[in-house]
Amino acid sequence: MATIEQDFAPPEPGLSQRLRRVFFGRTATVIATITVALFIFVAAFAPWLAPYDPMAQSFISINKPPSWEHWLGTDQFGRDVLSRMIWGSRNSLIFGFLSPVLAALIGGTLGVLSGYFGGILDRIVTRLVDMLLSFPELLLAILVAAALGGGFWNVVAVLTVAFTPGFARVARATTLSVKQEPYIESAIAAGVRTPVIILRHVVPNIMAPIVVLMTLWAASSIRLEATLSFLGIGTQPPAPSWGNIIREGLANIFATSWPIIAGGLAITIVVLAISIIGDQVRDELDPEIN
Amino acid sequence: MSAPLLNVQGLCVEFGPKAAPIRVINDVNLRVDPGEAVGIVGESGSGKSITSLSILRLVPEPPSRIAAGSITFEGRDLLAMPKSQLRHMRGRDIAMIFQEPMSSLNPVMTVEAQIGEAIMLHERMSRAERRARVIQLLRLVGIPDPESRLKAYPHQFSGGMRQRVMIAIAVACNPKLLIADEPTTALDVTIQAQVLDLMKDVREKLNTAILLISHDLGVIAEVCERVLVMYAGHVVEDADIRSLFENPKHPYTRGLLRAVPSLTDERSRLYQIPGSVPQAGSIKQGCPFYARCDLRQNICAQTMPAMSRHSSSHQAACWVTQNLSEVRSA
């Protein structure tokens with residue numbers, strides 16, 4: 001029997017190769033990747049990198065401009081702004097990645113289940129998602145923070161709730177289309193159990209849009225944490241975060257503008273860098289574009 | 001007569017609301033003996049795919065449901081069986097191959113993982129044993145250099161090779177019955193011939209019974225010994241391949257055979273059965289082929305003919321040809 005067939009498809013790039021292309025494909029993404037990596041490094045090693053205790057007050061050096069002792073100057077309590085920025089990056093970054101990941105887990109699960117099983121579960125989830133989506137994230141966050149009080153975990157919870165419907169909707173829509181694929185039917189015909197079908201055949205096929213959404217929302221999440229902290233319902237002072245460094249700096253803007261400049265720049269740079277990576281991830285993974 | 005492997009009796013499948021059901025499969029009888037190859041032929045909408053799907057209870061419920069009939073496999077009633085038990089039969093005793101080789105494989109799983117999954121479901125073996133078995137299966141279905149193709153993804157295969165992988169998955173657990181729903185429709189003619197050869201090959205080596213669904217009589221003639229012709233949800237003729245081609249008894253089958261082009265054809269236009277398949281549920285009484293039949297008589301409009309036997313291996317459901325043969329034998 002003839003076994004020769006001419007049309008071998010050209011070898012497709014493997015996952016590692018594709019990831020490499022995401023992070024090192026263009027100059028802009030290389031810079032963005034390095035920037036994000038640098039910030040993560042700083043956040044991870046904050047205790048060793050920060051020159052001073054971020055909480056330590058000093059009345060002899062208040063509102064100092066940048067100098068060799070204090071690279072970014074000091075604030076109205078004489079605390080070292082650089083140290084506060086370094087410690088603050090922990091809150092801001094953990095926050096930035098935690099909420100999207102949690103939301104992707106919860107929303108993704110809900111979306112896949114409702115898309116796959118349909119019926120009453122689907123109706124309930126869809127209505128719930130529609131309801132939550134009708135509130136802007138920030139408004140929802142303020143609402144819950146006002147009810148529960150501020151604080152790190154409350155804000156994480158709030159933003160997770162705010163992000164969940166988006167993931168649920170994307171997961172549901174892609175599950176609906178993947179469910180129609182013949183390979184799902186053949187898996188059923190082969191006797192594969194439903195949970196295994198969902199985990200092995202559905203979930204990997206809907207990951208691309210979920211990952212894209214996650215990277216896009218990591219940036220939003222950092223921005224929202226800053227916003228909430230700025231409004232006084234995010235990370236509670238004296239614990240530092242970029243948002244409340246700006247908040248405290250604002251009251252003191254005529255004495256020294258360095259905290260605001262540092263906080264604003266850090267947020268801008270990180271959000272921009274994550275957005276650039278997010279775009280590249282989308283370009284690479286989105287089947288519509290490929 | 002030996003015990004049948006698969007025996008479908010009086011199968012009826014309905015769609016739509018229970019109060020006003022639309023019957024798409026009507027009183028289908030089907031029997032496959034161990035090791036036998038049976039074909040089902042019919043045009044789109046004749047119910048051949050639904051018939052094959054209902055054997056493994058894969059018809060989506062709702063909107064459709066199996067309204068009546070029995071399906072037994074090795075004497076066990078598949079319709080009465082709990083779903084969990086049925087799941088163990090799927091893939092192990094009865095395997096299916098679908099029409100779309102391009103999309104019947106999961107795009108994010110390697111070929112090894114997908115064939116391995118089929119094995120893992122029904123048999124316990126170690127990783128190394130499983131890999132050896134996968135290689136053996138790939139070799140069986142004629143994939144060149146299987147060792148180097150284990151880690152390949154479906155998009156790296158052509159359509160014909162994907163269909164080979166599908167067959168490898170289907171026969172992974174040595175099923176007793178292989179249901180192939182239009183396995184060659186999406187392939188070009190040379191690859192079609194290769195895949196059909198492969199199916200015959202697999203059947204010989206593993207002694208698997210085959211139920212082949214196709215709209216192409218040529219494909220069925222290539223593989224099967226016996227064929228069922230379906231029209232509008234009814235089996236209208238059931239015959240061994242030879243007598244079907246030489247002496248078709250149902251006007252619909254005759255029409256189908258007249259529509260087949262041949263190399264010596266002088267016709268400028270191929271024959272065409274006038275009209276089109278009636279919409280499901282629109283025929284309330286009489287023979288479903290009545291409106292398009294060139295032999296029709298008054299009785300055909302009123303009562304659906306039962307299957308009448310023309311020879312030991314040939315039955316057809318037609319008043320006219322039934323009477324003709326009775327006259328001749330009388």
# chains A, B, ... in the order shown; residues from 1 in each chain; ligands from 1
$ residues_around --residues "region 123-125 of chain B" --least-positions-apart "3" --cutoff "12 Å" --atoms "only C-alpha atoms" --output "PyMOL selection string"
chain B and resi 88+91-92+116-120+128-134+172-174
$ write_last_selection --atoms "N, CA, C and O atoms" --output "short mmCIF file (atom, residue, chain, number, x, y, z; two decimals), in the first residue's frame"
data_model
loop_
_atom_site.label_atom_id
_atom_site.label_comp_id
_atom_site.auth_asym_id
_atom_site.auth_seq_id
_atom_site.Cartn_x
_atom_site.Cartn_y
_atom_site.Cartn_z
N HIS B 88 -18.06 2.87 28.51
CA HIS B 88 -17.01 1.86 28.40
C HIS B 88 -17.04 1.13 27.08
O HIS B 88 -16.04 0.58 26.64
N GLY B 91 -15.59 3.29 21.90
CA GLY B 91 -14.14 3.26 21.73
C GLY B 91 -13.56 1.88 21.91
O GLY B 91 -12.65 1.49 21.21
N ARG B 92 -14.09 1.09 22.88
CA ARG B 92 -13.52 -0.23 23.10
C ARG B 92 -14.20 -1.28 22.24
O ARG B 92 -13.55 -2.08 21.58
N GLY B 116 -2.73 7.81 22.33
CA GLY B 116 -2.49 7.29 23.68
C GLY B 116 -3.71 7.42 24.57
O GLY B 116 -4.01 6.54 25.36
N GLU B 117 -4.42 8.52 24.40
CA GLU B 117 -5.62 8.74 25.22
C GLU B 117 -6.64 7.63 24.97
O GLU B 117 -7.23 7.09 25.90
N ALA B 118 -6.80 7.29 23.69
CA ALA B 118 -7.77 6.25 23.35
C ALA B 118 -7.38 4.92 24.00
O ALA B 118 -8.23 4.19 24.50
N ILE B 119 -6.07 4.65 24.03
CA ILE B 119 -5.61 3.40 24.64
C ILE B 119 -5.81 3.45 26.15
O ILE B 119 -6.33 2.53 26.77
N MET B 120 -5.41 4.59 26.72
CA MET B 120 -5.45 4.76 28.16
C MET B 120 -6.86 4.56 28.71
O MET B 120 -7.04 4.09 29.82
N ALA B 128 5.81 3.23 28.40
CA ALA B 128 6.63 2.69 27.30
C ALA B 128 5.82 1.75 26.42
O ALA B 128 5.90 1.78 25.20
N GLU B 129 5.00 0.91 27.09
CA GLU B 129 4.15 -0.01 26.33
C GLU B 129 3.20 0.77 25.44
O GLU B 129 2.96 0.41 24.29
N ARG B 130 2.68 1.86 26.03
CA ARG B 130 1.71 2.64 25.29
C ARG B 130 2.38 3.26 24.05
O ARG B 130 1.83 3.24 22.97
N ARG B 131 3.58 3.77 24.28
CA ARG B 131 4.28 4.38 23.15
C ARG B 131 4.53 3.35 22.06
O ARG B 131 4.31 3.62 20.87
N ALA B 132 4.93 2.16 22.47
CA ALA B 132 5.18 1.10 21.48
C ALA B 132 3.91 0.78 20.71
O ALA B 132 3.92 0.59 19.50
N ARG B 133 2.80 0.77 21.45
CA ARG B 133 1.53 0.47 20.82
C ARG B 133 1.14 1.57 19.82
O ARG B 133 0.65 1.29 18.72
N VAL B 134 1.39 2.83 20.20
CA VAL B 134 1.08 3.95 19.30
C VAL B 134 1.90 3.83 18.01
O VAL B 134 1.37 3.98 16.91
N ALA B 172 -7.51 1.56 18.02
CA ALA B 172 -6.52 1.44 19.09
C ALA B 172 -6.86 0.32 20.07
O ALA B 172 -5.98 -0.35 20.60
N CYS B 173 -8.14 0.15 20.35
CA CYS B 173 -8.51 -0.87 21.34
C CYS B 173 -9.15 -2.09 20.69
O CYS B 173 -9.94 -2.80 21.32
N ASN B 174 -8.82 -2.34 19.43
CA ASN B 174 -9.38 -3.48 18.71
C ASN B 174 -10.89 -3.58 18.84
O ASN B 174 -11.42 -4.55 19.38
#
$ interface_residues --of "chain B" --to "chain A" --cutoff "7 Å" --atoms "only C-alpha atoms" --output "list of chain:residue names"
B:Arg87, B:His88, B:Arg90, B:Gly91, B:Ala95, B:Met96, B:Ser103, B:Ser104, B:Leu105, B:Asn106, B:Val108, B:Ala118, B:Leu121, B:Gly142, B:Ile143, B:Pro144, B:Gln156, B:Phe157, B:Ser158
$ select_by_dssp --residues "region 40-205 of chain B" --states "strand (DSSP E)" --output "list of chain:residue names"
B:Ile40, B:Val41, B:Arg65, B:Ile66, B:Ala67, B:Ala68, B:Gly69, B:Ser70, B:Ile71, B:Thr72, B:Phe73, B:Arg76, B:Asp77, B:Ile94, B:Ala95, B:Met96, B:Ile97, B:Leu177, B:Leu178, B:Ile179, B:Ala180, B:Asp181
$ write_last_selection --atoms "N, CA, C and O atoms" --output "short mmCIF file (atom, residue, chain, number, x, y, z; two decimals), in the first residue's frame"
data_model
loop_
_atom_site.label_atom_id
_atom_site.label_comp_id
_atom_site.auth_asym_id
_atom_site.auth_seq_id
_atom_site.Cartn_x
_atom_site.Cartn_y
_atom_site.Cartn_z
N ILE B 40 -24.23 1.88 4.41
CA ILE B 40 -25.51 2.57 4.34
C ILE B 40 -25.33 3.69 3.32
O ILE B 40 -24.40 4.49 3.44
N VAL B 41 -26.19 3.73 2.31
CA VAL B 41 -26.06 4.77 1.30
C VAL B 41 -27.35 5.56 1.25
O VAL B 41 -28.43 5.05 1.56
N ARG B 65 -34.56 12.64 19.92
CA ARG B 65 -34.63 11.53 20.86
C ARG B 65 -34.94 10.24 20.10
O ARG B 65 -35.56 10.29 19.03
N ILE B 66 -34.48 9.15 20.68
CA ILE B 66 -34.79 7.86 20.10
C ILE B 66 -36.16 7.47 20.61
O ILE B 66 -36.36 7.27 21.81
N ALA B 67 -37.13 7.43 19.70
CA ALA B 67 -38.52 7.31 20.13
C ALA B 67 -38.95 5.85 20.29
O ALA B 67 -39.78 5.53 21.13
N ALA B 68 -38.40 4.99 19.46
CA ALA B 68 -38.82 3.59 19.54
C ALA B 68 -37.72 2.71 18.97
O ALA B 68 -36.78 3.19 18.35
N GLY B 69 -37.85 1.42 19.22
CA GLY B 69 -36.90 0.48 18.65
C GLY B 69 -35.91 -0.03 19.67
O GLY B 69 -35.92 0.37 20.84
N SER B 70 -35.08 -0.97 19.23
CA SER B 70 -34.07 -1.51 20.12
C SER B 70 -32.75 -1.60 19.37
O SER B 70 -32.73 -1.78 18.15
N ILE B 71 -31.67 -1.41 20.11
CA ILE B 71 -30.35 -1.56 19.53
C ILE B 71 -29.59 -2.50 20.45
O ILE B 71 -29.37 -2.20 21.62
N THR B 72 -29.23 -3.66 19.94
CA THR B 72 -28.47 -4.58 20.78
C THR B 72 -27.10 -4.82 20.16
O THR B 72 -26.95 -4.86 18.94
N PHE B 73 -26.12 -4.93 21.01
CA PHE B 73 -24.76 -5.21 20.59
C PHE B 73 -24.30 -6.43 21.37
O PHE B 73 -24.28 -6.40 22.60
N ARG B 76 -26.50 -7.28 24.15
CA ARG B 76 -26.77 -6.32 25.22
C ARG B 76 -27.53 -5.13 24.66
O ARG B 76 -27.19 -4.61 23.59
N ASP B 77 -28.52 -4.69 25.41
CA ASP B 77 -29.37 -3.60 24.93
C ASP B 77 -28.67 -2.26 25.18
O ASP B 77 -28.49 -1.82 26.31
N ILE B 94 -17.16 -0.44 20.19
CA ILE B 94 -17.63 0.23 18.99
C ILE B 94 -16.84 1.54 18.86
O ILE B 94 -16.83 2.34 19.78
N ALA B 95 -16.17 1.72 17.74
CA ALA B 95 -15.41 2.94 17.53
C ALA B 95 -15.97 3.67 16.33
O ALA B 95 -16.59 3.07 15.46
N MET B 96 -15.73 4.99 16.31
CA MET B 96 -16.28 5.77 15.19
C MET B 96 -15.20 6.58 14.50
O MET B 96 -14.27 7.06 15.12
N ILE B 97 -15.37 6.72 13.19
CA ILE B 97 -14.53 7.63 12.42
C ILE B 97 -15.46 8.65 11.79
O ILE B 97 -16.49 8.28 11.23
N LEU B 177 -16.62 -3.41 16.28
CA LEU B 177 -17.36 -2.73 15.21
C LEU B 177 -16.78 -1.34 14.99
O LEU B 177 -16.53 -0.61 15.95
N LEU B 178 -16.55 -1.02 13.74
CA LEU B 178 -16.02 0.29 13.40
C LEU B 178 -17.09 1.00 12.57
O LEU B 178 -17.47 0.52 11.50
N ILE B 179 -17.59 2.11 13.10
CA ILE B 179 -18.58 2.87 12.35
C ILE B 179 -17.86 4.03 11.66
O ILE B 179 -17.22 4.83 12.33
N ALA B 180 -17.91 4.06 10.35
CA ALA B 180 -17.22 5.12 9.62
C ALA B 180 -18.25 5.97 8.89
O ALA B 180 -18.93 5.50 7.99
N ASP B 181 -18.39 7.22 9.35
CA ASP B 181 -19.39 8.11 8.77
C ASP B 181 -18.72 8.98 7.71
O ASP B 181 -17.99 9.90 8.04
#
$ closest_atom_pairs --of "region 150-245 of chain A" --to "region 107-129 of chain A" --cutoff "9 Å" --atoms "only C-alpha atoms" --output "Markdown table"
| residue | atom | partner | partner_atom | distance |
| --- | --- | --- | --- | --- |
| A:Val161 | CA | A:Gly107 | CA | 8.9 |
| A:Phe163 | CA | A:Gly107 | CA | 8.0 |
| A:Thr164 | CA | A:Gly107 | CA | 4.5 |
| A:Pro165 | CA | A:Val129 | CA | 4.8 |
| A:Gly166 | CA | A:Gly107 | CA | 7.4 |
| A:Phe167 | CA | A:Gly107 | CA | 4.9 |
| A:Ala168 | CA | A:Gly111 | CA | 4.1 |
| A:Arg169 | CA | A:Gly111 | CA | 6.1 |
| A:Val170 | CA | A:Gly111 | CA | 7.3 |
| A:Ala171 | CA | A:Gly111 | CA | 4.8 |
| A:Arg172 | CA | A:Gly111 | CA | 4.1 |
| A:Ala173 | CA | A:Gly115 | CA | 6.9 |
| A:Thr174 | CA | A:Gly115 | CA | 8.1 |
| A:Thr175 | CA | A:Gly115 | CA | 5.5 |
| A:Leu176 | CA | A:Gly115 | CA | 5.3 |
| A:Ser177 | CA | A:Gly115 | CA | 8.9 |
| A:Lys179 | CA | A:Tyr116 | CA | 6.7 |
| A:Ile198 | CA | A:Val112 | CA | 8.0 |
| A:Val202 | CA | A:Val112 | CA | 8.1 |
| A:Val203 | CA | A:Val112 | CA | 7.7 |
| A:Ile206 | CA | A:Val112 | CA | 8.9 |
| A:Ile210 | CA | A:Gly108 | CA | 7.7 |
$ closest_residue --among "A:Leu133, A:Ile277, A:Leu199, A:Ile62" --to "Thr27 (chain A)" --atoms "only C-alpha atoms"
A:Ile277
$ select_by_dssp --residues "region 10-58 of chain B" --states "alpha helix (DSSP H)" --output "PyMOL selection string"
chain B and resi 48-55
$ residues_around --residues "Gly243 (chain A)" --least-positions-apart "6" --cutoff "9 Å" --atoms "only C-alpha atoms" --output "count of residues only"
17
$ residues_around --residues "region 191-201 of chain B" --least-positions-apart "6" --cutoff "7 Å" --atoms "only C-alpha atoms" --output "VMD selection string"
chain B and resid 141 160 184 223
$ residues_around --residues "Thr253 (chain B)" --least-positions-apart "3" --cutoff "9 Å" --atoms "only C-alpha atoms" --output "VMD selection string"
chain B and resid 229 236 to 237 244 to 245 248 to 250 256 to 258
$ write_last_selection --atoms "all heavy atoms" --output "tab-separated table (two decimals), in the first residue's frame"
chain	number	residue	atom	x	y	z
B	229	VAL	N	-29.98	0.85	1.50
B	229	VAL	CA	-30.26	2.13	0.86
B	229	VAL	C	-31.29	2.85	1.70
B	229	VAL	O	-32.33	2.29	2.03
B	229	VAL	CB	-30.80	1.93	-0.57
B	229	VAL	CG1	-31.05	3.27	-1.23
B	229	VAL	CG2	-29.81	1.11	-1.38
B	236	VAL	N	-35.02	1.52	2.30
B	236	VAL	CA	-35.89	1.12	1.20
B	236	VAL	C	-35.37	-0.13	0.50
B	236	VAL	O	-36.11	-0.81	-0.19
B	236	VAL	CB	-36.09	2.26	0.17
B	236	VAL	CG1	-36.85	3.42	0.79
B	236	VAL	CG2	-34.77	2.74	-0.39
B	237	GLU	N	-34.08	-0.42	0.68
B	237	GLU	CA	-33.58	-1.64	0.07
B	237	GLU	C	-32.40	-2.15	0.90
B	237	GLU	O	-31.62	-1.37	1.42
B	237	GLU	CB	-33.13	-1.38	-1.38
B	237	GLU	CG	-32.76	-2.64	-2.13
B	237	GLU	CD	-32.98	-2.51	-3.64
B	237	GLU	OE1	-33.31	-1.40	-4.09
B	237	GLU	OE2	-32.80	-3.51	-4.35
B	244	LEU	N	-27.54	-5.85	-5.60
B	244	LEU	CA	-27.96	-4.45	-5.63
B	244	LEU	C	-27.55	-3.80	-6.94
B	244	LEU	O	-28.32	-3.10	-7.58
B	244	LEU	CB	-27.37	-3.67	-4.46
B	244	LEU	CG	-27.93	-2.25	-4.40
B	244	LEU	CD1	-29.14	-2.18	-3.49
B	244	LEU	CD2	-26.89	-1.25	-3.98
B	245	PHE	N	-26.32	-4.07	-7.36
B	245	PHE	CA	-25.84	-3.42	-8.58
B	245	PHE	C	-26.44	-4.06	-9.83
B	245	PHE	O	-26.74	-3.38	-10.80
B	245	PHE	CB	-24.31	-3.47	-8.64
B	245	PHE	CG	-23.66	-2.34	-7.90
B	245	PHE	CD1	-23.42	-2.45	-6.55
B	245	PHE	CD2	-23.32	-1.17	-8.56
B	245	PHE	CE1	-22.84	-1.40	-5.85
B	245	PHE	CE2	-22.74	-0.12	-7.86
B	245	PHE	CZ	-22.49	-0.23	-6.51
B	248	PRO	N	-31.28	-4.02	-8.97
B	248	PRO	CA	-31.89	-3.21	-7.91
B	248	PRO	C	-33.40	-3.31	-7.96
B	248	PRO	O	-33.99	-3.36	-9.03
B	248	PRO	CB	-31.42	-1.79	-8.25
B	248	PRO	CG	-31.10	-1.81	-9.69
B	248	PRO	CD	-30.63	-3.20	-9.99
B	249	LYS	N	-34.01	-3.39	-6.79
B	249	LYS	CA	-35.45	-3.63	-6.74
B	249	LYS	C	-36.23	-2.37	-6.40
B	249	LYS	O	-37.44	-2.33	-6.60
B	249	LYS	CB	-35.77	-4.70	-5.69
B	249	LYS	CG	-35.32	-6.09	-6.11
B	249	LYS	CD	-36.09	-6.55	-7.33
B	249	LYS	CE	-35.65	-7.94	-7.74
B	249	LYS	NZ	-36.15	-8.27	-9.10
B	250	HIS	N	-35.60	-1.39	-5.84
B	250	HIS	CA	-36.34	-0.19	-5.49
B	250	HIS	C	-36.09	0.88	-6.54
B	250	HIS	O	-34.96	1.08	-6.96
B	250	HIS	CB	-35.93	0.32	-4.11
B	250	HIS	CG	-36.92	1.28	-3.53
B	250	HIS	ND1	-36.95	2.60	-3.89
B	250	HIS	CD2	-37.93	1.11	-2.64
B	250	HIS	CE1	-37.93	3.21	-3.23
B	250	HIS	NE2	-38.55	2.32	-2.47
B	256	LEU	N	-30.57	6.00	-8.47
B	256	LEU	CA	-29.19	6.28	-8.02
B	256	LEU	C	-28.18	5.67	-8.97
B	256	LEU	O	-27.21	6.30	-9.38
B	256	LEU	CB	-28.95	5.70	-6.61
B	256	LEU	CG	-29.47	6.46	-5.41
B	256	LEU	CD1	-29.01	5.75	-4.13
B	256	LEU	CD2	-28.96	7.89	-5.40
B	257	LEU	N	-28.43	4.41	-9.34
B	257	LEU	CA	-27.45	3.71	-10.19
B	257	LEU	C	-27.42	4.32	-11.59
B	257	LEU	O	-26.35	4.38	-12.21
B	257	LEU	CB	-27.79	2.22	-10.26
B	257	LEU	CG	-27.47	1.47	-8.97
B	257	LEU	CD1	-28.05	0.07	-9.00
B	257	LEU	CD2	-25.97	1.42	-8.73
B	258	ARG	N	-28.56	4.78	-12.06
B	258	ARG	CA	-28.57	5.41	-13.38
B	258	ARG	C	-27.82	6.74	-13.35
B	258	ARG	O	-27.37	7.22	-14.39
B	258	ARG	CB	-30.00	5.65	-13.83
B	258	ARG	CG	-30.61	4.45	-14.54
B	258	ARG	CD	-32.08	4.65	-14.76
B	258	ARG	NE	-32.36	5.63	-15.81
B	258	ARG	CZ	-33.59	6.09	-16.08
B	258	ARG	NH1	-34.61	5.67	-15.37
B	258	ARG	NH2	-33.78	6.96	-17.04
$ residues_around --residues "Gly151 (chain A)" --least-positions-apart "2" --cutoff "8 Å" --atoms "only C-alpha atoms" --output "PyMOL selection string"
chain A and resi 149+153-155+233-236
$ write_last_selection --atoms "all heavy atoms" --output "CSV table (one decimal), in the first residue's frame"
chain,number,residue,atom,x,y,z
A,149,GLY,N,-14.8,48.3,53.5
A,149,GLY,CA,-13.6,49.0,53.9
A,149,GLY,C,-12.4,48.7,53.0
A,149,GLY,O,-12.5,47.8,52.1
A,153,TRP,N,-6.5,43.0,50.6
A,153,TRP,CA,-7.2,41.8,50.2
A,153,TRP,C,-8.7,42.2,49.7
A,153,TRP,O,-9.2,41.5,48.8
A,153,TRP,CB,-7.3,40.7,51.3
A,153,TRP,CG,-6.0,40.1,51.3
A,153,TRP,CD1,-5.0,40.2,52.3
A,153,TRP,CD2,-5.4,39.2,50.4
A,153,TRP,NE1,-3.9,39.5,52.0
A,153,TRP,CE2,-4.1,38.9,50.8
A,153,TRP,CE3,-5.8,38.7,49.1
A,153,TRP,CZ2,-3.2,38.0,50.1
A,153,TRP,CZ3,-5.0,37.9,48.4
A,153,TRP,CH2,-3.7,37.6,48.9
A,154,ASN,N,-9.2,43.2,50.4
A,154,ASN,CA,-10.5,43.6,49.9
A,154,ASN,C,-10.5,44.1,48.5
A,154,ASN,O,-11.3,43.8,47.6
A,154,ASN,CB,-11.1,44.7,50.8
A,154,ASN,CG,-11.7,44.2,52.1
A,154,ASN,OD1,-11.8,43.0,52.2
A,154,ASN,ND2,-12.1,45.0,53.0
A,155,VAL,N,-9.4,44.9,48.2
A,155,VAL,CA,-9.3,45.4,46.8
A,155,VAL,C,-9.0,44.3,45.8
A,155,VAL,O,-9.6,44.3,44.7
A,155,VAL,CB,-8.2,46.5,46.8
A,155,VAL,CG1,-8.1,47.0,45.4
A,155,VAL,CG2,-8.5,47.6,47.7
A,233,ILE,N,-8.9,54.1,49.2
A,233,ILE,CA,-9.6,52.9,49.6
A,233,ILE,C,-8.8,51.7,49.1
A,233,ILE,O,-9.3,50.5,49.1
A,233,ILE,CB,-11.0,52.8,49.0
A,233,ILE,CG1,-11.0,53.2,47.5
A,233,ILE,CG2,-11.9,53.7,49.8
A,233,ILE,CD1,-12.3,53.3,46.9
A,234,GLY,N,-7.6,51.9,48.7
A,234,GLY,CA,-6.7,50.8,48.3
A,234,GLY,C,-5.8,50.4,49.4
A,234,GLY,O,-6.3,50.1,50.5
A,235,THR,N,-4.5,50.3,49.1
A,235,THR,CA,-3.5,50.0,50.1
A,235,THR,C,-3.5,51.1,51.2
A,235,THR,O,-3.5,52.3,50.8
A,235,THR,CB,-2.1,49.9,49.5
A,235,THR,OG1,-2.2,49.0,48.3
A,235,THR,CG2,-1.1,49.3,50.4
A,236,GLN,N,-3.6,50.7,52.4
A,236,GLN,CA,-3.8,51.7,53.5
A,236,GLN,C,-2.4,52.2,54.0
A,236,GLN,O,-1.5,51.4,54.3
A,236,GLN,CB,-4.6,51.1,54.7
A,236,GLN,CG,-6.0,50.8,54.3
A,236,GLN,CD,-6.8,52.0,53.8
A,236,GLN,OE1,-6.9,53.0,54.5
A,236,GLN,NE2,-7.3,51.9,52.6
$ atom_distance --atom1 "CA of Thr321 (chain B)" --atom2 "CA of Asn247 (chain B)"
11.0 Å
$ residues_around --residues "region 84-86 of chain A" --least-positions-apart "5" --cutoff "10 Å" --atoms "only C-alpha atoms" --output "number ranges by chain"
A: 39, 42-47, 49-56, 72, 74-75, 79, 91-92, 238-242, 245, 259, 262-263, 266
$ closest_residue --among "B:Ser282, B:Gln315, B:Ser148, B:Ser126" --to "Thr110 (chain B)" --atoms "only C-alpha atoms"
B:Ser148
$ atom_distance --atom1 "CA of Glu43 (chain B)" --atom2 "CA of Val171 (chain B)"
27.5 Å
$ atom_distance --atom1 "CA of Thr303 (chain B)" --atom2 "CA of Gln285 (chain B)"
6.2 Å
$ decode --residues "region 215-240 of chain A" --atoms "C-alpha atoms" --output "PDB file, in the first residue's frame"
ATOM      1  CA  THR A 215      -2.024  40.348  29.896  1.00  0.00           C
ATOM      2  CA  LEU A 216      -4.276  43.201  28.844  1.00  0.00           C
ATOM      3  CA  TRP A 217      -5.866  43.358  32.260  1.00  0.00           C
ATOM      4  CA  ALA A 218      -2.660  43.127  34.222  1.00  0.00           C
ATOM      5  CA  ALA A 219      -1.982  46.670  33.081  1.00  0.00           C
ATOM      6  CA  SER A 220      -5.512  47.835  33.950  1.00  0.00           C
ATOM      7  CA  SER A 221      -5.196  46.178  37.308  1.00  0.00           C
ATOM      8  CA  ILE A 222      -2.028  48.060  38.253  1.00  0.00           C
ATOM      9  CA  ARG A 223      -3.649  51.260  37.139  1.00  0.00           C
ATOM     10  CA  LEU A 224      -6.808  50.536  39.141  1.00  0.00           C
ATOM     11  CA  GLU A 225      -4.837  49.707  42.274  1.00  0.00           C
ATOM     12  CA  ALA A 226      -3.103  53.048  41.953  1.00  0.00           C
ATOM     13  CA  THR A 227      -6.445  54.766  41.430  1.00  0.00           C
ATOM     14  CA  LEU A 228      -8.035  53.094  44.443  1.00  0.00           C
ATOM     15  CA  SER A 229      -5.037  53.790  46.658  1.00  0.00           C
ATOM     16  CA  PHE A 230      -5.070  57.358  45.422  1.00  0.00           C
ATOM     17  CA  LEU A 231      -8.716  57.612  46.442  1.00  0.00           C
ATOM     18  CA  GLY A 232      -7.776  56.224  49.837  1.00  0.00           C
ATOM     19  CA  ILE A 233      -9.586  52.879  49.558  1.00  0.00           C
ATOM     20  CA  GLY A 234      -6.738  50.766  48.262  1.00  0.00           C
ATOM     21  CA  THR A 235      -3.537  49.957  50.118  1.00  0.00           C
ATOM     22  CA  GLN A 236      -3.789  51.693  53.487  1.00  0.00           C
ATOM     23  CA  PRO A 237      -1.050  54.068  54.638  1.00  0.00           C
ATOM     24  CA  PRO A 238       1.521  53.957  56.063  1.00  0.00           C
ATOM     25  CA  ALA A 239       2.118  50.834  53.915  1.00  0.00           C
ATOM     26  CA  PRO A 240       3.530  52.096  50.640  1.00  0.00           C
TER      27      PRO A 240
END
